[in-house]
Every structure is written in structure tokens, then in C-alpha cells.
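Next comes entry01.cif, a file with mmCIF, C-alpha atoms.
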```
data_upload
loop_
_atom_site.label_atom_id
_atom_site.label_comp_id
_atom_site.auth_asym_id
_atom_site.auth_seq_id
_atom_site.Cartn_x
_atom_site.Cartn_y
_atom_site.Cartn_z
CA MET A 1 12.12 -69.87 -136.88
CA LYS A 2 9.61 -70.46 -134.13
CA SER A 3 12.42 -70.66 -131.64
CA GLY A 4 13.91 -67.34 -133.00
CA ASN A 5 10.52 -65.56 -132.70
CA SER A 6 10.08 -66.86 -129.20
CA GLY A 7 13.45 -65.46 -128.21
CA GLN A 8 12.68 -62.05 -129.72
CA ILE A 9 9.30 -61.99 -127.98
CA ARG A 10 10.98 -62.82 -124.67
CA VAL A 11 13.45 -59.98 -125.17
CA ILE A 12 10.61 -57.57 -125.99
CA GLU A 13 8.62 -58.77 -122.98
CA ALA A 14 11.58 -58.38 -120.70
CA PHE A 15 12.28 -54.93 -122.15
CA LEU A 16 8.63 -53.97 -121.59
CA ALA A 17 8.75 -55.22 -118.00
CA VAL A 18 11.94 -53.25 -117.27
CA THR A 19 10.43 -50.16 -118.96
CA VAL A 20 7.30 -50.42 -116.83
CA VAL A 21 9.31 -50.68 -113.60
CA PHE A 22 11.66 -47.81 -114.56
CA SER A 23 8.69 -45.66 -115.59
CA ALA A 24 7.18 -46.23 -112.19
CA VAL A 25 10.43 -45.23 -110.49
CA ILE A 26 10.68 -42.06 -112.62
CA ILE A 27 7.01 -41.14 -112.05
CA SER A 28 7.46 -41.68 -108.31
CA SER A 29 10.51 -39.43 -108.13
CA ARG A 30 8.66 -36.76 -110.14
CA ILE A 31 5.72 -36.96 -107.75
CA MET A 32 8.10 -36.60 -104.80
CA GLU A 33 9.87 -33.62 -106.37
CA ALA A 34 6.61 -31.90 -107.36
CA ASN A 35 5.15 -32.32 -103.90
CA ILE A 36 8.31 -31.14 -102.15
CA HIS A 37 8.47 -28.09 -104.45
CA LYS A 38 4.79 -27.33 -103.82
CA ASP A 39 5.30 -27.67 -100.06
CA VAL A 40 8.27 -25.32 -100.15
CA VAL A 41 6.36 -22.73 -102.19
CA ASP A 42 3.28 -23.05 -99.96
CA ASN A 43 5.34 -22.78 -96.80
CA ASN A 44 7.23 -19.78 -98.17
CA LEU A 45 4.00 -18.00 -99.01
CA ALA A 46 2.41 -18.89 -95.67
CA ARG A 47 5.48 -17.72 -93.78
CA LEU A 48 5.62 -14.53 -95.82
CA GLY A 49 1.96 -13.78 -95.15
CA LEU A 50 2.24 -14.48 -91.43
CA ASN A 51 5.40 -12.39 -91.14
CA VAL A 52 3.81 -9.43 -92.90
CA LEU A 53 0.72 -9.54 -90.68
CA PHE A 54 2.94 -9.97 -87.61
CA ILE A 55 5.02 -6.91 -88.57
CA LEU A 56 1.85 -4.84 -88.95
CA ASP A 57 0.46 -6.23 -85.70
CA GLN A 58 3.58 -5.68 -83.59
CA ASP A 59 3.18 -1.93 -83.30
CA GLY A 60 -0.62 -2.15 -83.16
CA SER A 61 -1.15 -0.61 -86.59
CA LEU A 62 -3.02 -3.65 -87.95
CA CYS A 63 -5.60 -3.43 -85.20
CA ASN A 64 -5.82 0.33 -85.60
CA TYR A 65 -6.59 -0.12 -89.29
CA ILE A 66 -9.31 -2.64 -88.48
CA GLU A 67 -10.90 -0.65 -85.67
CA SER A 68 -10.96 2.50 -87.78
CA ARG A 69 -12.34 0.44 -90.69
CA ASN A 70 -9.47 1.66 -92.83
CA TRP A 71 -9.53 -1.14 -95.42
CA THR A 72 -7.56 0.92 -97.92
CA GLY A 73 -4.82 1.32 -95.32
CA ILE A 74 -4.53 -2.44 -94.84
CA CYS A 75 -4.50 -2.98 -98.61
CA GLU A 76 -1.77 -0.39 -99.15
CA ALA A 77 0.33 -1.75 -96.26
CA LEU A 78 0.13 -5.29 -97.65
CA LYS A 79 1.02 -4.04 -101.13
CA LEU A 80 4.09 -2.37 -99.67
CA LEU A 81 5.23 -5.34 -97.60
CA LEU A 82 4.45 -8.22 -99.96
CA PRO A 83 6.46 -8.84 -103.14
CA ALA A 84 4.90 -7.45 -106.29
CA ASN A 85 4.28 -10.90 -107.76
CA VAL A 86 2.17 -12.04 -104.82
CA VAL A 87 -1.57 -11.63 -105.12
CA PHE A 88 -3.59 -11.38 -101.89
CA ASN A 89 -7.15 -11.29 -100.70
CA VAL A 90 -8.01 -10.47 -97.08
CA THR A 91 -11.19 -11.18 -95.17
CA ILE A 92 -11.59 -9.96 -91.60
CA TYR A 93 -13.98 -11.46 -89.09
CA ASP A 94 -15.06 -10.19 -85.69
CA GLU A 95 -15.44 -12.27 -82.52
CA ASP A 96 -18.74 -13.69 -83.78
CA MET A 97 -17.00 -14.71 -87.01
CA LYS A 98 -18.99 -12.16 -88.98
CA GLN A 99 -17.17 -10.57 -91.88
CA ILE A 100 -16.54 -6.93 -91.10
CA ASN A 101 -14.69 -5.65 -94.14
CA ALA A 102 -17.42 -4.16 -96.29
CA GLU A 103 -15.15 -3.75 -99.26
CA GLN A 104 -12.73 -6.15 -100.84
CA ILE A 105 -9.13 -5.99 -99.61
CA ALA A 106 -7.19 -7.42 -102.54
CA ASN A 107 -4.69 -6.51 -105.20
CA GLY A 108 -6.08 -8.71 -107.94
CA GLY A 109 -7.90 -11.91 -108.73
CA ILE A 110 -6.45 -15.11 -107.35
CA ASP A 111 -8.84 -17.54 -109.04
CA GLY A 112 -7.31 -20.53 -110.72
CA ARG A 113 -3.94 -20.18 -109.02
CA ASN A 114 -2.33 -22.27 -106.36
CA ILE A 115 -3.70 -20.52 -103.28
CA VAL A 116 -2.27 -20.58 -99.78
CA SER A 117 -4.68 -19.62 -97.05
CA ILE A 118 -3.55 -18.50 -93.61
CA GLU A 119 -5.36 -17.38 -90.50
CA TYR A 120 -4.11 -14.71 -88.14
CA VAL A 121 -5.49 -13.61 -84.79
CA CYS A 122 -5.13 -9.87 -84.29
CA THR A 123 -5.77 -8.44 -80.82
CA ASN A 124 -6.04 -4.88 -79.62
CA ARG A 125 -4.43 -3.39 -76.51
CA ASP A 126 -7.30 -1.18 -75.50
CA PRO A 127 -7.53 -1.17 -71.69
CA ARG A 128 -11.26 -0.40 -71.86
CA CYS A 129 -12.24 -3.31 -74.08
CA PHE A 130 -10.07 -6.17 -75.26
CA ARG A 131 -11.11 -7.44 -78.67
CA TYR A 132 -9.81 -9.83 -81.26
CA TYR A 133 -10.23 -10.21 -84.99
CA VAL A 134 -9.60 -13.23 -87.18
CA ILE A 135 -7.89 -12.42 -90.46
CA HIS A 136 -8.07 -14.80 -93.41
CA LEU A 137 -5.30 -14.02 -95.84
CA CYS A 138 -5.28 -15.84 -99.18
CA LEU A 139 -2.04 -15.61 -101.11
CA ALA A 140 -1.07 -16.73 -104.57
CA GLY A 141 2.33 -16.24 -106.10
CA ALA A 142 2.85 -15.63 -109.77
CA GLY A 143 5.90 -17.47 -111.03
CA LEU A 144 6.69 -19.04 -107.67
CA MET B 2 3.68 -77.18 -128.28
CA LYS B 3 3.37 -77.39 -124.52
CA ASN B 4 6.78 -75.79 -124.21
CA ILE B 5 5.83 -72.82 -126.45
CA LYS B 6 2.59 -72.19 -124.50
CA ARG B 7 4.48 -72.23 -121.21
CA ASN B 8 7.05 -69.82 -122.62
CA GLY B 9 4.28 -67.44 -123.77
CA ASN B 10 2.63 -67.48 -120.35
CA SER B 11 5.97 -66.82 -118.73
CA GLY B 12 6.39 -63.59 -120.74
CA GLN B 13 2.90 -62.37 -119.85
CA PHE B 14 3.58 -63.21 -116.23
CA LEU B 15 6.75 -61.13 -116.40
CA ILE B 16 4.86 -58.06 -117.67
CA VAL B 17 2.04 -58.51 -115.16
CA THR B 18 4.61 -58.82 -112.37
CA ALA B 19 6.33 -55.63 -113.64
CA LEU B 20 3.00 -53.82 -113.64
CA ILE B 21 2.30 -54.96 -110.10
CA ILE B 22 5.78 -53.82 -108.99
CA ALA B 23 5.24 -50.47 -110.72
CA THR B 24 1.89 -50.01 -109.02
CA LEU B 25 3.48 -50.87 -105.69
CA ILE B 26 6.31 -48.36 -106.20
CA ILE B 27 3.87 -45.55 -107.03
CA SER B 28 1.52 -46.49 -104.18
CA ILE B 29 4.35 -46.61 -101.66
CA THR B 30 5.64 -43.23 -102.89
CA LEU B 31 2.21 -41.65 -102.52
CA HIS B 32 1.73 -43.26 -99.13
CA ILE B 33 5.08 -41.94 -97.91
CA GLN B 34 4.21 -38.48 -99.25
CA GLU B 35 0.86 -38.36 -97.51
CA ASN B 36 1.61 -40.02 -94.22
CA SER B 37 5.28 -39.63 -93.49
CA TYR B 38 5.71 -35.91 -93.92
CA GLU B 39 8.92 -34.85 -92.27
CA GLY B 40 9.38 -31.32 -91.11
CA ASN B 41 12.08 -29.18 -92.67
CA ASP B 42 13.57 -25.76 -92.12
CA PHE B 43 10.62 -24.06 -93.76
CA ASP B 44 8.25 -25.72 -91.33
CA ASP B 45 10.47 -24.69 -88.41
CA GLN B 46 10.42 -21.08 -89.61
CA LEU B 47 6.67 -21.21 -90.16
CA SER B 48 6.04 -22.67 -86.72
CA SER B 49 8.29 -20.07 -85.08
CA THR B 50 6.28 -17.30 -86.78
CA ILE B 51 3.07 -18.91 -85.50
CA ILE B 52 4.52 -19.04 -81.98
CA GLU B 53 5.39 -15.32 -82.20
CA MET B 54 1.82 -14.58 -83.34
CA VAL B 55 0.31 -16.48 -80.40
CA LYS B 56 2.74 -14.87 -77.94
CA LEU B 57 1.88 -11.38 -79.19
CA SER B 58 -1.88 -11.89 -78.86
CA SER B 59 -1.59 -13.45 -75.40
CA ARG B 60 0.68 -10.60 -74.35
CA ASN B 61 -1.86 -8.05 -75.63
CA ALA B 62 -4.56 -9.79 -73.58
CA VAL B 63 -2.46 -9.49 -70.41
CA LEU B 64 -1.39 -5.91 -71.21
CA SER B 65 -4.96 -4.78 -71.80
CA ALA B 66 -6.03 -6.41 -68.53
CA ILE B 67 -3.33 -4.89 -66.32
CA ALA B 68 -3.92 -1.46 -67.88
CA ASN B 69 -7.63 -1.82 -67.11
CA ILE B 70 -7.17 -3.16 -63.57
CA SER B 71 -4.50 -0.62 -62.59
CA ASN B 72 -6.86 2.15 -63.69
CA GLY B 73 -9.58 0.90 -61.36
CA GLY B 74 -11.09 -1.94 -63.39
CA SER B 75 -12.31 -5.25 -62.04
CA LYS B 76 -9.70 -7.93 -61.35
CA PHE B 77 -11.86 -10.37 -63.37
CA VAL B 78 -10.86 -8.54 -66.57
CA LEU B 79 -7.71 -10.65 -66.78
CA SER B 80 -9.59 -13.95 -66.83
CA GLN B 81 -12.12 -12.51 -69.31
CA ASN B 82 -9.32 -11.42 -71.66
CA LEU B 83 -7.58 -14.78 -71.35
CA GLU B 84 -10.80 -16.62 -72.16
CA LYS B 85 -11.25 -14.41 -75.19
CA VAL B 86 -7.81 -15.09 -76.59
CA THR B 87 -8.25 -18.83 -76.01
CA LYS B 88 -11.60 -18.68 -77.82
CA ALA B 89 -9.95 -16.81 -80.68
CA TYR B 90 -7.53 -19.65 -81.36
CA LEU B 91 -10.20 -22.31 -80.95
CA SER B 92 -12.30 -20.52 -83.57
CA LEU B 93 -9.65 -20.93 -86.26
CA ARG B 94 -10.74 -23.38 -88.93
CA GLY B 95 -7.52 -23.86 -90.87
CA LYS B 96 -5.32 -26.91 -91.32
CA THR B 97 -3.81 -26.38 -87.87
CA ASN B 98 -5.71 -26.65 -84.59
CA TYR B 99 -4.72 -24.53 -81.64
CA CYS B 100 -5.30 -25.02 -77.96
CA LEU B 101 -4.07 -22.23 -75.72
CA GLN B 102 -4.19 -22.93 -72.00
CA HIS B 103 -3.53 -20.26 -69.41
CA THR B 104 -2.68 -20.24 -65.71
CA PRO B 105 -2.48 -16.86 -63.97
CA LYS B 106 0.46 -16.87 -61.59
CA THR B 107 -0.29 -17.18 -57.90
CA ASP B 108 2.48 -16.98 -55.33
CA GLY B 109 3.47 -14.76 -52.45
CA ARG B 110 3.21 -11.67 -54.62
CA TYR B 111 0.77 -12.47 -57.39
CA ALA B 112 -2.86 -13.24 -56.73
CA ASP B 113 -4.69 -14.64 -59.76
CA GLY B 114 -2.00 -13.24 -62.01
CA ILE B 115 -2.08 -9.70 -60.60
CA TRP B 116 0.38 -7.92 -58.34
CA ILE B 117 -0.40 -4.33 -57.50
CA SER B 118 1.59 -2.72 -54.72
CA TRP B 119 1.58 1.04 -54.44
CA GLY B 120 3.59 1.58 -51.32
CA ASN B 121 4.69 4.57 -49.28
CA ASN B 122 8.29 3.39 -49.28
CA GLY B 123 9.03 4.94 -52.66
CA PHE B 124 8.24 1.85 -54.69
CA GLY B 125 5.14 1.09 -56.70
CA ILE B 126 4.39 -1.74 -59.06
CA SER B 127 1.52 -2.82 -61.30
CA SER B 128 2.21 -6.23 -62.74
CA SER B 129 0.51 -9.19 -64.30
CA CYS B 130 2.01 -12.59 -64.97
CA VAL B 131 0.38 -15.54 -66.72
CA ASP B 132 1.77 -18.93 -67.73
CA PHE B 133 0.60 -20.22 -71.10
CA LYS B 134 0.75 -23.59 -72.78
CA LEU B 135 0.30 -23.70 -76.53
CA ILE B 136 -0.64 -26.99 -78.14
CA SER B 137 -0.88 -26.84 -81.89
CA TYR B 138 -1.36 -29.81 -84.12
CA GLY B 139 -1.85 -29.95 -87.84
CA LEU B 140 -0.93 -31.75 -91.03
CA LYS B 141 2.60 -30.44 -91.23
CA PHE B 142 3.80 -29.79 -87.70
CA ASN B 143 2.92 -30.08 -84.06
CA ILE B 144 3.87 -27.51 -81.47
CA THR B 145 3.79 -27.90 -77.72
CA MET B 146 5.23 -24.97 -75.91
CA ASP B 147 5.15 -23.39 -72.46
CA TYR B 148 5.81 -19.72 -72.02
CA SER B 149 5.13 -16.91 -69.57
CA VAL B 150 3.89 -13.42 -70.21
CA ASN B 151 4.87 -10.77 -67.72
CA VAL B 152 3.71 -7.18 -68.11
CA THR B 153 5.04 -4.89 -65.42
CA THR B 154 5.31 -1.19 -64.78
CA ALA B 155 7.18 -0.12 -61.67
CA ILE B 156 8.40 3.16 -60.27
CA ALA B 157 11.03 4.01 -57.71
CA ILE B 158 11.00 7.50 -56.25
CA THR B 159 13.27 9.39 -53.93
CA GLY B 160 12.81 12.90 -52.63
CA LYS B 161 14.72 15.58 -50.82
CA TYR B 162 13.86 19.07 -49.63
CA PHE B 163 15.26 22.12 -47.98
CA THR B 164 13.68 25.15 -46.37
CA LEU B 165 14.66 28.58 -47.59
CA ILE B 166 14.13 31.46 -45.18
CA ASN B 167 14.56 34.88 -46.68
CA GLY B 168 13.49 37.47 -44.18
CA ASP B 169 9.76 36.94 -43.62
CA HIS B 170 9.45 34.76 -46.66
CA VAL B 171 9.70 31.03 -46.02
CA GLU B 172 9.46 28.38 -48.69
CA THR B 173 10.22 24.71 -49.04
CA ASN B 174 12.01 23.48 -52.13
CA VAL B 175 11.31 19.87 -52.98
CA THR B 176 13.06 17.72 -55.59
CA VAL B 177 11.73 14.30 -56.48
CA THR B 178 13.51 11.81 -58.71
CA CYS B 179 11.36 9.15 -60.32
CA ARG B 180 12.56 6.17 -62.28
CA VAL B 181 10.11 4.17 -64.39
CA PHE B 182 10.66 0.54 -65.39
CA ASN B 183 8.87 -2.09 -67.33
CA GLU B 184 9.56 -5.84 -67.29
CA GLU B 185 12.64 -5.39 -69.45
CA GLY B 186 14.24 -2.22 -68.16
CA PRO B 187 13.77 1.55 -68.13
CA HIS B 188 10.46 2.68 -69.55
CA LEU B 189 8.80 5.95 -70.49
CA ALA B 190 5.86 7.65 -68.83
CA LYS B 191 3.02 9.27 -70.74
CA GLN B 192 1.65 11.29 -67.89
CA ILE B 193 3.06 12.20 -64.47
CA ASN B 194 1.11 13.78 -61.65
CA LEU B 195 2.89 14.90 -58.52
CA TYR B 196 1.23 15.43 -55.14
CA TYR B 197 2.48 16.50 -51.74
CA ARG B 198 0.79 16.15 -48.40
CA GLY B 199 -0.31 19.56 -47.28
CA PRO B 200 -0.44 20.90 -43.72
CA SER B 201 -4.06 19.71 -43.42
CA GLY B 202 -3.04 16.16 -44.28
CA ASP B 203 -4.67 16.11 -47.73
CA TRP B 204 -2.81 15.35 -50.89
CA VAL B 205 -2.32 18.52 -52.94
CA LEU B 206 -1.72 18.35 -56.69
CA VAL B 207 1.41 20.23 -57.74
CA ASN B 208 0.56 22.23 -60.85
CA ASN B 209 3.72 24.26 -61.28
CA SER B 210 6.46 21.70 -60.99
CA HIS B 211 9.54 21.87 -63.12
CA MET B 212 10.29 18.56 -64.77
CA ILE B 213 13.50 17.33 -66.36
CA ASP B 214 12.99 14.32 -68.62
CA TYR B 215 16.22 12.40 -69.13
CA LEU B 216 14.54 10.34 -71.89
CA ASN B 217 15.68 7.11 -70.26
CA GLY B 218 12.80 6.63 -67.88
CA THR B 219 14.25 8.98 -65.27
CA TYR B 220 12.41 12.17 -64.38
CA THR B 221 13.30 14.88 -61.90
CA LEU B 222 10.50 17.09 -60.64
CA SER B 223 11.03 20.19 -58.53
CA PHE B 224 8.48 22.43 -56.86
CA ARG B 225 8.19 25.02 -54.14
CA VAL B 226 5.75 25.21 -51.28
CA PRO B 227 5.29 28.75 -49.89
CA SER B 228 5.48 27.59 -46.29
CA GLU B 229 7.71 25.64 -44.00
CA LEU B 230 6.93 21.94 -43.78
CA ASP B 231 8.22 19.76 -40.98
CA GLN B 232 7.92 16.66 -43.06
CA VAL B 233 7.48 16.45 -46.81
CA GLU B 234 5.58 13.51 -48.21
CA VAL B 235 5.22 13.27 -51.98
CA SER B 236 3.25 10.95 -54.16
CA ILE B 237 3.69 10.35 -57.86
CA HIS B 238 0.98 8.96 -60.12
CA ILE B 239 2.19 7.70 -63.47
CA LEU B 240 0.49 6.50 -66.61
CA ASP B 241 3.05 4.78 -68.79
CA THR B 242 3.06 4.67 -72.58
CA ARG B 243 0.98 1.46 -72.45
CA ASP B 244 -1.70 3.13 -70.26
CA ILE B 245 -0.69 1.16 -67.16
CA PHE B 246 -1.17 3.17 -64.00
CA VAL B 247 1.20 3.01 -61.05
CA MET B 248 1.77 5.22 -58.03
CA ALA B 249 4.10 5.44 -55.08
CA SER B 250 4.74 7.82 -52.24
CA VAL B 251 7.77 8.60 -50.14
CA THR B 252 8.84 10.81 -47.30
CA CYS B 253 11.51 13.20 -48.50
CA ILE B 254 14.84 13.58 -46.81
CA LYS B 255 15.74 16.98 -45.43
CA ILE B 256 19.05 18.35 -46.71
#
```
Exercise: express the given structure as C-alpha cells:
Amino acid sequence: MKSGNSGQIRVIEAFLAVTVVFSAVIISSRIMEANIHKDVVDNNLARLGLNVLFILDQDGSLCNYIESRNWTGICEALKLLLPANVVFNVTIYDEDMKQINAEQIANGGIDGRNIVSIEYVCTNRDPRCFRYYVIHLCLAGAGL
Amino acid sequence: MKNIKRNGNSGQFLIVTALIIATLIISITLHIQENSYEGNDFDDQLSSTIIEMVKLSSRNAVLSAIANISNGGSKFVLSQNLEKVTKAYLSLRGKTNYCLQHTPKTDGRYADGIWISWGNNGFGISSSCVDFKLISYGLKFNITMDYSVNVTTAIAITGKYFTLINGDHVETNVTVTCRVFNEEGPHLAKQINLYYRGPSGDWVLVNNSHMIDYLNGTYTLSFRVPSELDQVEVSIHILDTRDIFVMASVTCIKI
């Protein structure tokens, strides 16, 4: 009887040991998958944000919006160019890194979501005075 | 009894070993995730967008400088603009660090990145050329890239004239063809001023010229001078659509 119990206990112990190792393997693969998925989503959002700012900057309209303090214009342009399920919040700094947008440039709250933050340097082409602005764009995607 | 105790310890040892192996597997996975990040297509696309962003801002710095200098500004504007754009990228506080180095081109034509030649042979050029090196390093990717920015506006002009004598009335008809180029090809002008050298030797602004714009960077300007000129010299001053100024003069050919 003792010998039978000992055998059963050994089987259970072995089963537990195998379970522990397999659990670790499964958890590891899940961690890998989750991180890869998060990286892909983050990179997609970052790329999207940079592309949108680059498109606006290419023809000088981004800098024109900033220099004319047309925050509504920037907000509307971003709403048009970004997908509807992407929430954004923009902060613009001058050369002394002082925030210059007096009003919020956003299309909703992004608190509590997985936020991707990107920085963009926007320069003007004014022959009289060359200036740059640093744009902080925070993006969060719903359902991404 | 001894045998049973040893067997029991063996089972515990097995589970402890399994736990240690499990911990090792998870630790190694996390370590690989954190330290051995390998770039993928998304990172390549992201880094190419960043490169485009940096190229655009450095190009704007050069463009602003050559527009300023060609309109009479100080030649130090280029180095000031380049310092500014370098400072802009150093001021970024994100996950990626940027270092943008610049070297204004100096050779037989360019001096400190600027080449301005407004000749009397029918050719004029206002150009700036700067070599950049971008070094970007961050958590996900590193970029080291050399590139050049060249912003050029050039004009090539040719002129011809003939004298029309109608009784006592003598006039000189002049036709000037001007072609405008940028660093990539034909380019458009925003403003064109045409001058001719009058009998007193001063440049006289032509107010009543007739211009044909071929919309491909080629312009033909015609005007009449109510006198006979032995030699017709014309000068064209152009401001292109990027506010870069360039001028050239030429002696017209009699036909």
C-alpha cells in the first residue's frame, strides 16, 4: 500500500513538474506575442502620426498654422488626416521650449489608454527669420 | 524507511527543479524581449519617415538662408540657420536621440556653402549646398546617414534686337528669353524685372514689356526703346516662388 501511494505521489509530482515547465513556456510565448503586438501597434501609431505631420509640413501649411496661431486649423487638419478611431493631443513648443498653444489641440481624452508619444520638428521657410517649433503629438488608438 | 524518505525528497527536488527551470524560461524570455530587440519592417518604415522629417527641416534651413542671402542678407545666416536646426534636434527629449552634423560645401564654386554668381554672360545662379550627417540612436533603432541638401535657382537668358526705322521714327525692338531652373529642373518665377542699359549707361527699368509665360519656367519678354541703340544690354532680376533672388545680364544679338 505504501509502495502504491509512493508511486502515485511520484506520478503526481512528475505531472506537477511538467505542468510548471509547460506553464512557463506558455506564459513566455504569451509575453512575446503581447510585446510584439504592442510594438507593432505603437510603431503603426507613431508612423501614422509622423506621416500626418510630415504631410502637413511638406507644403508649409503646418508652420503657417502655428505662426498664425490657428490651433483650430491644426486640430481640423489632424482630424481629417488621422483615422476616426485615433485620439490625439498636440502640444507645441517654441525654440525656448515654452508651450505656445494657448488652447488644447485634441479630439478627446486619451487618459488611461495605451499612449504613443512622438516629437516632430517643424521649421519655417521665411527668408527673414528662420524658426523652428517642437511638436509633441500624443496618440491613442481605440480598438487597435 | 530510509528508502521512503529519499523517494519523498526526490519528488520535492523534481518540483523545485521544475520551478527553477520555469523561472529561467520566463527570465530568459523577458531578457530577450528587453535587450535583443530586432528591427522589423515597421521600424524601417518609421525610421524612413524620421529621415524624411529631418531632411525636410534641414532643407528648410538651407532654403531660408539662401533666400535671405540672395536678397542681400548676411552670409552668416546659413550657419545660424544650421545651428538652429541642430539645436532643434538636440532639444528633443523622446526615446530617440538625434545628432545632426552639418558641413557647408566648400570647393571651387561654393564658399561656406554659398555660390552666388550673377554674371553678364547670360547666366546667373544663387545656390547653397550643405552636407549633413544624421546620427540617431534609440531603444528601437539606430540611424546613421549622410545626405546633401542643395537649393539652387539659376537663370539663363538670351536676347536679340532689331532696329525699325519708319521715316523719322526710329525704335529698337528687343526680345529676351529667360529660362528659370531649380536644382531639379525648370522652375517658376514669382516676379520678373527687366532692365536695359540706356544711352547714359544706367540701367533703366522696363515698365511696359510684353511677357509670354510658357508655364514651364520659360518666359519671353519683349519691349521697345524709342531710339536707336548700338548695343543692347539687358538684365533680368528674378524672384522665384521660394523667394530666392537671382539676376543675370547679357548683350543682345542684332538680327
- A:Ile55, A:Met97, A:Val21, A:Val87 ranked by distance to Ile115 in chain A, top pick (using only C-alpha atoms):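 Looking at the shortest contact to Ile115 in chain A, the residue is A:Val87.
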Given the PyMOL selection byres ((chain A) within 6 of (chain B)), the residues it picks as a compact mmCIF listing (two decimals) with C-alpha atoms, in the frame of the given file:
```
# COMPACT_ATOMS: atom_id res chain seq x y z
CA GLU A 13 8.62 -58.77 -122.98
CA ALA A 17 8.75 -55.22 -118.00
CA VAL A 21 9.31 -50.68 -113.60
CA ALA A 24 7.18 -46.23 -112.19
CA SER A 28 7.46 -41.68 -108.31
CA ARG A 47 5.48 -17.72 -93.78
CA THR A 123 -5.77 -8.44 -80.82
CA ARG A 125 -4.43 -3.39 -76.51
CA ASP A 126 -7.30 -1.18 -75.50
CA PRO A 127 -7.53 -1.17 -71.69
```
Surrounding residues of Glu172 in chain B excluding itself and chain neighbours under 3 positions, 12 Å, only C-alpha atoms, as a PDB file with C-alpha atoms, in the coordinates of the input:
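out19.pdb, freshly written:
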```pdb
ATOM      1  CA  TYR B 162      13.860  19.070 -49.630  1.00  0.00           C
ATOM      2  CA  PHE B 163      15.260  22.120 -47.980  1.00  0.00           C
ATOM      3  CA  THR B 164      13.680  25.150 -46.370  1.00  0.00           C
ATOM      4  CA  LEU B 165      14.660  28.580 -47.590  1.00  0.00           C
ATOM      5  CA  ILE B 166      14.130  31.460 -45.180  1.00  0.00           C
ATOM      6  CA  ASN B 167      14.560  34.880 -46.680  1.00  0.00           C
ATOM      7  CA  GLY B 168      13.490  37.470 -44.180  1.00  0.00           C
ATOM      8  CA  ASP B 169       9.760  36.940 -43.620  1.00  0.00           C
ATOM      9  CA  VAL B 175      11.310  19.870 -52.980  1.00  0.00           C
ATOM     10  CA  PHE B 224       8.480  22.430 -56.860  1.00  0.00           C
ATOM     11  CA  ARG B 225       8.190  25.020 -54.140  1.00  0.00           C
ATOM     12  CA  VAL B 226       5.750  25.210 -51.280  1.00  0.00           C
ATOM     13  CA  PRO B 227       5.290  28.750 -49.890  1.00  0.00           C
ATOM     14  CA  SER B 228       5.480  27.590 -46.290  1.00  0.00           C
ATOM     15  CA  GLU B 229       7.710  25.640 -44.000  1.00  0.00           C
ATOM     16  CA  LEU B 230       6.930  21.940 -43.780  1.00  0.00           C
ATOM     17  CA  ASP B 231       8.220  19.760 -40.980  1.00  0.00           C
TER      18      ASP B 231
END
```
What residues come out when you apply the PyMOL selection byres ((chain A and resi 48-50) around 8) to this file, written as a PDB file with C-alpha atoms, keeping the file's coordinate frame?
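Once everything was written out, this is part_17.pdb:
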```pdb
ATOM      1  CA  ASN A  44       7.230 -19.780 -98.170  1.00  0.00           C
ATOM      2  CA  LEU A  45       4.000 -18.000 -99.010  1.00  0.00           C
ATOM      3  CA  ALA A  46       2.410 -18.890 -95.670  1.00  0.00           C
ATOM      4  CA  ARG A  47       5.480 -17.720 -93.780  1.00  0.00           C
ATOM      5  CA  ASN A  51       5.400 -12.390 -91.140  1.00  0.00           C
ATOM      6  CA  VAL A  52       3.810  -9.430 -92.900  1.00  0.00           C
ATOM      7  CA  LEU A  53       0.720  -9.540 -90.680  1.00  0.00           C
ATOM      8  CA  PHE A  54       2.940  -9.970 -87.610  1.00  0.00           C
ATOM      9  CA  LEU A  82       4.450  -8.220 -99.960  1.00  0.00           C
ATOM     10  CA  ILE A 118      -3.550 -18.500 -93.610  1.00  0.00           C
ATOM     11  CA  TYR A 120      -4.110 -14.710 -88.140  1.00  0.00           C
ATOM     12  CA  LEU A 137      -5.300 -14.020 -95.840  1.00  0.00           C
ATOM     13  CA  LEU A 139      -2.040 -15.610-101.110  1.00  0.00           C
TER      14      LEU A 139
ATOM     15  CA  THR B  50       6.280 -17.300 -86.780  1.00  0.00           C
ATOM     16  CA  ILE B  51       3.070 -18.910 -85.500  1.00  0.00           C
TER      17      ILE B  51
END
```
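With CA of Cys100 in chain B on one side and CA of Ser75 in chain B on the other, the separation reads 26.3 Å.
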- Task: Choose the residue, out of B:His32, B:His211, B:His238, B:Lys76, that has the smallest atom-to-atom separation from Phe124 in chain B; count only C-alpha atoms.
- Result: B:His238
- Query: So, counting all atoms listed in the file, which residue among A:Gln8, A:Asn114, A:Ser29, A:Thr91 is closest to Val134 in chain A?
  - Reply: A:Thr91
Using the chain letters and numbers from the file, which residues does the PyMOL selection byres ((chain A and resi 90) around 8) grab, as a PDB file with C-alpha atoms, in the coordinates of the input?
```pdb
ATOM      1  CA  PHE A  88      -3.590 -11.380-101.890  1.00  0.00           C
ATOM      2  CA  ASN A  89      -7.150 -11.290-100.700  1.00  0.00           C
ATOM      3  CA  THR A  91     -11.190 -11.180 -95.170  1.00  0.00           C
ATOM      4  CA  ILE A  92     -11.590  -9.960 -91.600  1.00  0.00           C
ATOM      5  CA  GLN A 104     -12.730  -6.150-100.840  1.00  0.00           C
ATOM      6  CA  ILE A 105      -9.130  -5.990 -99.610  1.00  0.00           C
ATOM      7  CA  ALA A 106      -7.190  -7.420-102.540  1.00  0.00           C
ATOM      8  CA  ILE A 135      -7.890 -12.420 -90.460  1.00  0.00           C
ATOM      9  CA  HIS A 136      -8.070 -14.800 -93.410  1.00  0.00           C
ATOM     10  CA  LEU A 137      -5.300 -14.020 -95.840  1.00  0.00           C
ATOM     11  CA  CYS A 138      -5.280 -15.840 -99.180  1.00  0.00           C
TER      12      CYS A 138
END
```
- Query: Using only C-alpha atoms, which of A:Glu67, A:Ser61, A:Asp111, A:Ser117 sits nearest Tyr132 in chain A?
  - Reply: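 For Tyr132 in chain A, the nearest of the given residues is A:Glu67.
Here CA of Met146 in chain B is placed at a distance of 19.6 Å from CA of Gly114 in chain B.
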- Task: Find the residue from B:Leu240, B:Ile117, B:Leu91, B:Val247 that sits nearest to Gln192 in chain B; use all atoms listed in the file when measuring.
- Result: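 Closest residue, counting all atoms listed in the file: B:Leu240.
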- Message: One decimal, in Å: what's the spacing between CA of Asp108 in chain B and CA of Gly73 in chain B?
- Response: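 Between these atoms lies a distance of 22.4 Å.
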- Query: Quick one: residues within 12 Å of Ser210 in chain B, all atoms listed in the file counted, chain neighbours fewer than 5 positions away excluded, as an MDAnalysis selection string?
  - Reply: chainID B and resid 174:177 193:197 220:226
